[in-house]
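Encoded as C-alpha cells, the structure appears first; notes follow it.
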Amino acid sequence: MHMRFSFSADARALKAIAISGLVMSVFVGCQSGIHDRISRIYALGRHPSEANKNRIEALLHDRDRDVRATAIVVMKAVDPDRAQRMAATALQDPDGLVRASAVSLCGSDAETMRTLAALAVSDPAWQVRTRALDAIASSEDPAVREAFAQSLLDSVRHVRRSALRAAAEHPGLIPADRISDLVVADPDWENRVEAAGALGASKDPAAYVGLDAAVKDPNEFVRAAAARQRRALEAAGVAR
C-alpha cells in the first residue's frame, strides 16, 4: 500500500510539472509571437510601399493590444493622414492602451475635438481621459470647456492635474471660481499647487479668493505657491 501511494504521489507531481512546463512554453511562445509581429511592423515601416502600409493597417485588428498600438504609431511616421484614419477607428478599441495611443494621433477638426471631449469625461481608462484633455486644450469649442470643468471632479488625481495644467497654459479655459474650489479642497497637495499656478496665470480678480485661502494651506509647498501667485497677480496690476 505504501509503495502504491508513493508512486501515485510521484505521478501526480510529475503530471503537475509537465502541465506547468506546457503552460510556460505556450506563454513564452505567445510572447515571442507578439515580439515578432511588432518587429515586423517596424520592418514594414522602413519600406513603406502601399502594400506594406496595407499590411500595417491590417494589424490594427491583431489580437494583441501592443501590436495594435504599434501599428498606429508606426503608420504616423510613414503616412500621417492614414494614421489619423486608423486612430479614429482605434478610439473604439476595447483596450485602453490602444485608445490612449490613438488619442494623440487624431486630427484637430471640430468633430474630432468633440469626440475627444466626450472621451475626456467618459472613457473608463484614466490614461485616455488625460491624453484627451491634452489633445483638446487649445480648442475654443464650448464642449471642450465643459469637459475641462467636469474633469476637475474626476476621481483620478492625474486627470484633475492634466486639467489644471491646461488651465495654466490656456487662461480662461476653466473659470477661476472652479479652480479656487480645488486649490483648497483637492486631496492631492500637488494638484493644489497646480491649481494655484492656474489661478495666477488666469489674471482674473476672482483668483484672489482661492489664493487667499491657499496661503493658509497645511502644506508648505501649497502655501508658497499661493503666495507667489498672489504676488504675481499684484505685480501684473490685477485689482482685487
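Following the order of the C-alpha cells, chains are lettered A, B, ..., residues in each are numbered from 1, and ligands are numbered from 1.
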At a cut-off of 9 Å, using only C-alpha atoms, what residues contact Asp95 in chain A? Leave out same-chain residues fewer than 3 positions from it and give the result as a PyMOL selection string. chain A and resi 65+92+98-100+125
For the alpha helix (DSSP H) assignment from backbone DSSP, which residues of range 11-196 of chain A qualify? Please present them as a ChimeraX atom specification. /A:11-45,50-58,65-78,80-90,96-103,110-122,126-136,142-151,157-169,176-185,189-196
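Straight-line separation from CA of Ala225 in chain A to CA of Ala207 in chain A: 13.2 Å.
CA of Val159 in chain A lies 8.7 Å from CA of Ala120 in chain A.
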Residue with smallest distance to Asp66 in chain A - pool A:Ser39, A:Thr115, A:Ser162, A:Gln229, counting only C-alpha atoms: A:Ser39
Each range 143-186 of chain A residue no farther than 7 Å from range 194-203 of chain A, nearest pair in Å, only C-alpha atoms, as a Markdown table:
| residue | atom | partner | partner_atom | distance |
| --- | --- | --- | --- | --- |
| A:Arg161 | CA | A:Glu194 | CA | 6.9 |
| A:Leu164 | CA | A:Ala195 | CA | 5.8 |
| A:Arg165 | CA | A:Glu194 | CA | 6.4 |
| A:Ala167 | CA | A:Ala198 | CA | 5.6 |
| A:Ala168 | CA | A:Ala198 | CA | 4.0 |
| A:Pro171 | CA | A:Ser202 | CA | 4.8 |
| A:Gly172 | CA | A:Ser202 | CA | 6.3 |
| A:Ala176 | CA | A:Leu199 | CA | 6.3 |
| A:Ile179 | CA | A:Ala195 | CA | 6.0 |
| A:Leu182 | CA | A:Ala195 | CA | 6.5 |
| A:Val183 | CA | A:Ala195 | CA | 5.1 |
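Note that CA of Asn54 in chain A and CA of Tyr42 in chain A are 13.5 Å apart.
Neighbouring residues of Glu140 in chain A at 10 Å or closer, counting only C-alpha atoms and skipping chain neighbours under 5 positions away, are Ala110, Met113, Arg145 and Leu173 of chain A.
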Can you pull out every residue within 10 Å of Arg228 in chain A, counting only C-alpha atoms, but drop anything in the same chain fewer than 4 positions away, and send it as an NGL selection string? :A and (196-197 or 200 or 211 or 215 or 222-224 or 232-233)
Convert the current residue selection to file output with N, CA and C atoms, as an mmCIF file, in the first residue's frame.
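File written: result.cif
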data_model
loop_
_atom_site.group_PDB
_atom_site.id
_atom_site.type_symbol
_atom_site.label_atom_id
_atom_site.label_comp_id
_atom_site.auth_asym_id
_atom_site.auth_seq_id
_atom_site.Cartn_x
_atom_site.Cartn_y
_atom_site.Cartn_z
ATOM 1 N N ALA A 196 -3.018 76.588 -7.820
ATOM 2 C CA ALA A 196 -2.503 77.925 -7.524
ATOM 3 C C ALA A 196 -1.841 78.527 -8.765
ATOM 4 N N GLY A 197 -1.084 77.704 -9.480
ATOM 5 C CA GLY A 197 -0.450 78.187 -10.710
ATOM 6 C C GLY A 197 -1.465 78.605 -11.758
ATOM 7 N N GLY A 200 -2.950 81.952 -10.773
ATOM 8 C CA GLY A 200 -2.031 83.051 -11.068
ATOM 9 C C GLY A 200 -1.988 83.375 -12.549
ATOM 10 N N LEU A 211 -6.574 82.037 -3.777
ATOM 11 C CA LEU A 211 -5.189 82.191 -3.340
ATOM 12 C C LEU A 211 -5.101 82.670 -1.893
ATOM 13 N N VAL A 215 -3.034 80.318 0.991
ATOM 14 C CA VAL A 215 -1.837 80.701 1.750
ATOM 15 C C VAL A 215 -1.912 80.184 3.195
ATOM 16 N N VAL A 222 2.123 74.252 -1.027
ATOM 17 C CA VAL A 222 0.901 74.922 -1.484
ATOM 18 C C VAL A 222 0.903 76.372 -1.012
ATOM 19 N N ARG A 223 1.273 76.586 0.258
ATOM 20 C CA ARG A 223 1.316 77.956 0.783
ATOM 21 C C ARG A 223 2.286 78.814 -0.020
ATOM 22 N N ALA A 224 3.456 78.244 -0.317
ATOM 23 C CA ALA A 224 4.463 79.010 -1.071
ATOM 24 C C ALA A 224 3.971 79.324 -2.479
ATOM 25 N N ALA A 232 2.311 87.641 -7.995
ATOM 26 C CA ALA A 232 2.360 87.797 -9.451
ATOM 27 C C ALA A 232 1.127 88.553 -9.953
ATOM 28 N N LEU A 233 -0.026 88.254 -9.373
ATOM 29 C CA LEU A 233 -1.235 88.983 -9.760
ATOM 30 C C LEU A 233 -1.114 90.459 -9.410
#
